[in-house]
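So this block is coords.csv, CSV, C-alpha atoms:
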chain,number,residue,atom,x,y,z
P,759,MET,CA,-127.8,191.7,71.4
P,760,GLN,CA,-124.8,193.6,72.3
P,761,VAL,CA,-121.8,193.6,70.0
P,762,TYR,CA,-118.3,194.4,71.3
P,763,GLY,CA,-115.7,195.7,69.0
P,764,LYS,CA,-115.9,197.1,65.6
P,765,ALA,CA,-118.7,196.2,63.4
P,766,GLU,CA,-116.3,196.2,60.5
P,767,ASP,CA,-114.2,193.5,62.1
P,768,LEU,CA,-117.2,191.4,62.9
P,769,LYS,CA,-118.5,191.9,59.4
P,770,GLU,CA,-115.1,190.8,58.0
P,771,PHE,CA,-115.0,187.8,60.3
P,772,ILE,CA,-118.4,186.6,59.2
P,773,GLN,CA,-117.5,187.4,55.6
P,774,LYS,CA,-114.3,185.2,55.9
P,775,LYS,CA,-116.2,182.4,57.6
P,776,TYR,CA,-118.9,182.3,54.9
P,777,ASP,CA,-116.4,182.9,52.1
P,778,SER,CA,-114.5,179.8,53.2
P,779,GLU,CA,-117.7,177.8,53.3
P,780,ILE,CA,-118.7,179.2,49.9
P,781,ASP,CA,-115.3,178.2,48.5
P,782,GLU,CA,-115.7,174.7,50.0
P,783,VAL,CA,-119.1,174.4,48.4
P,784,LYS,CA,-117.7,175.7,45.1
P,785,LYS,CA,-114.9,173.2,45.3
P,786,GLN,CA,-117.4,170.4,45.9
P,787,GLN,CA,-119.6,171.6,43.0
P,788,GLU,CA,-116.6,171.8,40.7
P,789,GLN,CA,-115.4,168.3,41.8
P,790,LYS,CA,-118.9,166.9,41.3
P,791,SER,CA,-119.2,168.7,38.0
P,792,ALA,CA,-115.8,167.2,36.9
P,793,GLU,CA,-117.0,163.7,38.0
P,794,ILE,CA,-120.3,164.1,36.1
P,795,LYS,CA,-118.3,165.4,33.0
P,796,GLU,CA,-115.9,162.4,33.2
P,797,GLU,CA,-118.8,159.9,33.6
P,798,THR,CA,-120.7,161.6,30.7
P,799,SER,CA,-117.5,161.4,28.6
P,800,ARG,CA,-117.1,157.7,29.4
P,801,GLN,CA,-120.7,157.0,28.5
P,802,ILE,CA,-120.3,158.9,25.3
P,803,ASP,CA,-117.2,157.0,24.4
P,804,THR,CA,-118.9,153.7,25.3
P,805,LEU,CA,-121.9,154.6,23.1
P,806,THR,CA,-119.7,155.8,20.3
P,807,HIS,CA,-117.8,152.5,20.4
P,808,LYS,CA,-121.1,150.5,20.5
P,809,ILE,CA,-122.5,152.6,17.6
P,810,ALA,CA,-119.3,152.2,15.6
P,811,ALA,CA,-119.3,148.4,16.2
P,812,GLN,CA,-123.0,148.2,15.3
P,813,THR,CA,-122.5,150.3,12.2
P,814,HIS,CA,-119.5,148.2,11.2
P,815,LYS,CA,-121.5,145.0,11.7
P,816,GLU,CA,-124.4,146.4,9.6
P,817,VAL,CA,-122.1,147.6,6.8
P,818,ALA,CA,-120.5,144.1,6.8
P,819,GLN,CA,-123.9,142.5,6.6
P,820,ALA,CA,-125.0,144.8,3.8
P,821,LYS,CA,-121.8,144.2,1.9
P,822,SER,CA,-122.1,140.5,2.3
P,823,LYS,CA,-125.8,140.6,1.2
P,824,THR,CA,-125.0,142.7,-1.8
P,825,LEU,CA,-122.1,140.5,-2.7
P,826,SER,CA,-124.2,137.4,-2.4
P,827,GLU,CA,-126.9,139.0,-4.5
P,828,GLU,CA,-124.4,139.9,-7.2
P,829,LYS,CA,-122.9,136.4,-7.2
P,830,LEU,CA,-126.4,135.0,-7.5
P,831,ASN,CA,-127.2,137.3,-10.4
P,832,ALA,CA,-123.9,136.5,-12.1
P,833,LYS,CA,-124.6,132.8,-11.7
P,834,LYS,CA,-128.1,133.2,-13.1
P,835,GLN,CA,-126.8,135.2,-16.1
P,836,PHE,CA,-124.1,132.5,-16.6
P,837,GLU,CA,-126.7,129.8,-16.4
P,838,GLN,CA,-129.0,131.7,-18.8
P,839,SER,CA,-126.1,132.2,-21.3
P,840,ARG,CA,-125.1,128.6,-21.0
P,841,GLU,CA,-128.7,127.4,-21.6
P,842,GLU,CA,-129.0,129.8,-24.6
P,843,LEU,CA,-125.7,128.5,-26.1
P,844,ILE,CA,-126.6,124.8,-25.5
P,845,ASN,CA,-130.1,125.4,-27.0
P,846,TYR,CA,-128.5,127.1,-30.0
P,847,ILE,CA,-126.3,124.1,-30.4
P,848,PHE,CA,-129.2,121.7,-30.1
P,849,SER,CA,-131.2,123.7,-32.6
P,850,GLU,CA,-128.3,123.5,-35.1
P,851,VAL,CA,-128.0,119.7,-34.5
P,852,GLU,CA,-131.7,119.3,-35.0
P,853,ASN,CA,-131.4,121.3,-38.3
P,854,GLY,CA,-128.6,118.9,-39.4
P,855,LEU,CA,-130.5,115.7,-38.6
P,856,PRO,CA,-132.1,115.4,-42.1
P,857,SER,CA,-128.7,115.5,-43.8
P,858,LEU,CA,-127.3,112.9,-41.3
P,859,ALA,CA,-130.4,110.7,-41.9
P,860,HIS,CA,-129.4,110.6,-45.6
P,861,SER,CA,-125.8,109.8,-45.0
P,862,LYS,CA,-123.8,106.7,-45.6
P,863,ARG,CA,-123.0,106.5,-41.9
P,864,TYR,CA,-126.7,106.3,-40.9
P,865,THR,CA,-127.6,103.7,-43.6
P,866,THR,CA,-124.7,101.6,-42.4
P,867,TYR,CA,-126.0,101.9,-38.8
P,868,LEU,CA,-129.5,100.9,-40.1
P,869,THR,CA,-128.2,97.9,-42.0
P,870,LYS,CA,-126.4,96.6,-38.9
P,871,LYS,CA,-129.4,97.2,-36.6
P,872,THR,CA,-132.0,95.6,-39.0
P,873,LYS,CA,-129.8,92.8,-40.3
P,874,THR,CA,-131.4,90.2,-37.9
P,875,LEU,CA,-134.9,91.5,-38.5
P,876,ASP,CA,-137.3,90.2,-41.1
P,877,THR,CA,-138.3,93.6,-42.4
P,878,LYS,CA,-141.0,92.1,-44.7
P,879,HIS,CA,-143.3,91.8,-41.7
P,880,PHE,CA,-142.9,95.4,-40.6
P,881,LYS,CA,-144.4,98.6,-41.8
P,882,VAL,CA,-141.6,100.9,-42.6
P,883,LEU,CA,-142.1,104.6,-41.9
P,884,ALA,CA,-139.4,106.8,-43.5
P,885,ASP,CA,-138.9,110.5,-44.1
P,886,SER,CA,-138.0,110.2,-47.8
P,887,ASP,CA,-137.5,107.8,-50.7
P,888,TYR,CA,-133.8,107.8,-49.8
P,889,TYR,CA,-134.3,104.4,-48.1
P,890,LYS,CA,-135.7,102.6,-51.2
P,891,LYS,CA,-132.5,100.6,-51.6
P,892,MET,CA,-133.0,99.1,-48.1
P,893,PHE,CA,-136.7,98.9,-47.9
P,894,SER,CA,-138.6,98.6,-51.1
P,895,LYS,CA,-142.0,99.4,-49.5
P,896,HIS,CA,-142.2,102.3,-47.1
P,897,THR,CA,-144.7,104.9,-45.9
P,898,LYS,CA,-143.9,108.6,-45.8
P,899,SER,CA,-143.4,110.0,-42.3
P,900,ASP,CA,-142.5,113.3,-40.7
P,901,ALA,CA,-139.9,111.5,-38.5
P,902,ILE,CA,-136.3,111.9,-39.5
P,903,GLY,CA,-135.0,108.5,-40.3
P,904,ILE,CA,-136.7,105.1,-40.1
P,905,LYS,CA,-139.2,103.5,-37.8
P,906,LEU,CA,-140.3,99.9,-38.1
P,907,THR,CA,-143.7,98.8,-36.7
P,908,SER,CA,-145.6,95.5,-36.5
P,909,GLY,CA,-148.5,95.5,-34.1
P,910,ASP,CA,-147.2,96.4,-30.7
P,911,ILE,CA,-143.6,96.1,-31.7
P,912,ILE,CA,-141.8,99.3,-32.7
P,913,TYR,CA,-138.2,99.7,-33.7
P,914,ASP,CA,-137.6,103.4,-33.7
P,915,PHE,CA,-134.4,104.3,-35.4
P,916,THR,CA,-135.4,107.9,-36.0
P,917,LEU,CA,-132.7,110.4,-35.3
P,918,SER,CA,-135.2,112.9,-33.7
P,919,THR,CA,-136.2,110.2,-31.2
P,920,ALA,CA,-132.6,109.2,-30.5
P,921,PHE,CA,-131.7,112.9,-30.1
P,922,GLN,CA,-134.6,113.6,-27.7
P,923,ALA,CA,-133.9,110.4,-25.7
P,924,ASN,CA,-130.3,111.5,-25.1
P,925,LYS,CA,-130.8,115.2,-24.8
P,926,GLU,CA,-130.1,115.4,-21.1
P,927,LEU,CA,-126.9,113.3,-21.5
P,928,LEU,CA,-125.9,115.5,-24.4
P,929,ARG,CA,-126.7,118.6,-22.4
P,930,ARG,CA,-124.3,117.5,-19.6
P,931,GLU,CA,-121.6,116.6,-22.1
P,932,ALA,CA,-122.0,119.8,-24.0
P,933,SER,CA,-121.8,121.7,-20.7
P,934,LYS,CA,-118.6,119.9,-19.7
P,935,VAL,CA,-116.9,120.6,-23.0
P,936,LEU,CA,-118.0,124.2,-23.3
P,937,PHE,CA,-117.6,125.3,-19.7
P,938,ARG,CA,-114.7,123.5,-18.1
The structure in this file should be written as structure tokens.
Amino acid sequence: MQVYGKAEDLKEFIQKKYDSEIDEVKKQQEQKSAEIKEETSRQIDTLTHKIAAQTHKEVAQAKSKTLSEEKLNAKKQFEQSREELINYIFSEVENGLPSLAHSKRYTTYLTKKTKTLDTKHFKVLADSDYYKKMFSKHTKSDAIGIKLTSGDIIYDFTLSTAFQANKELLRREASKVLFR
């Protein structure tokens, strides 16, 4: 091949031609790089928002769960304290039953309840001799108060039975009064 002109000019011409092509490729690469960088940044932002939302949701769930557990524990402790207090009150009431059984109020109650009964035909079970005035014959019993029996017929006026029979009603009433 024959070359006309200066080799330096030709070299410069080729250099310029390829330099412009190289510059064009560099521009395309920079543009492509910028697009990739922008897309990556968008994806990172999207993921960051998703992670933040998920984290916020999980924190809210954990907070709600913890709060629910604490409320449940507080309710259990309250119920336990309430039961302890009511049981203490019931214990004190049961301890006071013997003195109530030997009171004028109880004997008046017994007199009214047994007025229409012919007590001569009944076996009288009593916790003490306190009831001699009302029932001349009676048998000693562990029950607090009086119980009359005749065959299958039983009139149970014992305070412990009355207390036990009404314990749930008394529990509700005590709870209402104490924990309004």
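We find atom CA of P:Gly854 and atom CA of P:Leu928 to be spaced 15.6 Å apart.
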Subject >> Gap from atom CA of P:Asp914 to atom CA of P:Lys862 - Å, one decimal >> reply: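 One can read the atom CA of P:Asp914 to atom CA of P:Lys862 distance as 18.5 Å.
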Subject >> Contacts of P:Phe937 within 12 Å, only C-alpha atoms, excl. fewer than 4 positions in-chain, as a PyMOL selection string >> reply: chain P and resi 836-837+839-841+843-844+929-933
**OP:** Could you tell me how far atom CA of P:Asn853 lies from atom CA of P:Leu917, in Å and to one decimal?
**Re:**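 According to the coordinates, atom CA of P:Asn853 and atom CA of P:Leu917 are separated by 11.4 Å.
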**OP:** Tell me which protein, DNA and RNA residues are within 12 Å of P:Leu906, counting only C-alpha atoms, leaving out same-chain ones fewer than 6 positions away, and put them as a PyMOL selection string.
**Re:** chain P and resi 868+871-872+875-884+893+895-897+899+912-916
